[in-house]
Amino acid sequence: MMHCMDPEEFMKGDIRTIMEEKGWCFSCSAWQNIYNDKKDDPRWLRIEGESWVAGPVASGFNRNMNFVGCGGRVMTAVKNDGEVITSNNWWHQGDVPECFKELMPDNAKWSNEDKGQKFCNVL
């Protein structure tokens with residue numbers, strides 16, 4: 001994980017503001033920004049220590065002009081409260097860093113049909 005501490009190296013915006021206010025590195029500030037942005041979003045899921053957002057189901061779209069998460073693969077997750085979320089528009093933010101796992105605990109699991117499958121290529 002890159003731990004650059006100089007906010008001057010980054011464009012002005014939410015992440016840089018967190019870096020300046022808290023004296024944090026870019027990576028930690030980016031994760032705090034994800035939390036700040038998504039904390040009240042019922043479609044923001046943490047599954048097996050990874051952060052995912054289930055975007056709205058995309059239909060009737062032109063794949064050459066629009067983007068859908070994970071290439072439009074349909075995946076289903078079950079939230080800890082039992083709510084089932086199915087989408088063809090999943091966005092992966094990556095592994096939640098250890099220092100944020102208490103703030104961002106798992107709140108869902110993949111459904112049985114999706115469990116254990118490689119979902120999408122993440123850089």
# chains A, B, ... in the order shown; residues from 1 in each chain; ligands from 1
>>> residues_around(residues="Ile47 in chain A", least_positions_apart="5", cutoff="6 Å", atoms="only C-alpha atoms", output="count of residues only")
3
>>> residues_around(residues="Ser29 in chain A", least_positions_apart="4", cutoff="8 Å", atoms="only C-alpha atoms", output="count of residues only")
7
>>> atom_distance(atom1="CA of Val96 in chain A", atom2="CA of Ser111 in chain A")
20.3 Å
>>> select_by_dssp(residues="range 8-90 of chain A", states="strand (DSSP E)", output="PyMOL selection string")
chain A and resi 44-47+50-54+75-79+84-87+90
>>> closest_residue(among="A:Arg46, A:Ala30, A:Gly13, A:Gly23", to="Val78 in chain A", atoms="only C-alpha atoms")
A:Arg46
>>> residues_around(residues="Trp52 in chain A", least_positions_apart="6", cutoff="10 Å", atoms="only C-alpha atoms", output="VMD selection string")
chain A and resid 43 to 46 90 to 95
>>> atom_distance(atom1="CA of Asp41 in chain A", atom2="CA of Ala77 in chain A")
15.1 Å
>>> closest_residue(among="A:Thr17, A:Ser59, A:Asn112, A:Asn107", to="Asn88 in chain A", atoms="only C-alpha atoms")
A:Ser59
>>> atom_distance(atom1="CA of Gln32 in chain A", atom2="CA of Glu98 in chain A")
12.8 Å
>>> select_by_dssp(residues="range 5-113 of chain A", states="helix (DSSP H, G or I)", output="VMD selection string")
chain A and resid 7 to 9 14 to 22 26 to 38 69 to 72 98 to 100
>>> residues_around(residues="Thr76 in chain A", least_positions_apart="4", cutoff="8 Å", atoms="only C-alpha atoms", output="JSON, numbers by chain")
{"A": [84, 85, 86, 87, 110, 111, 114]}
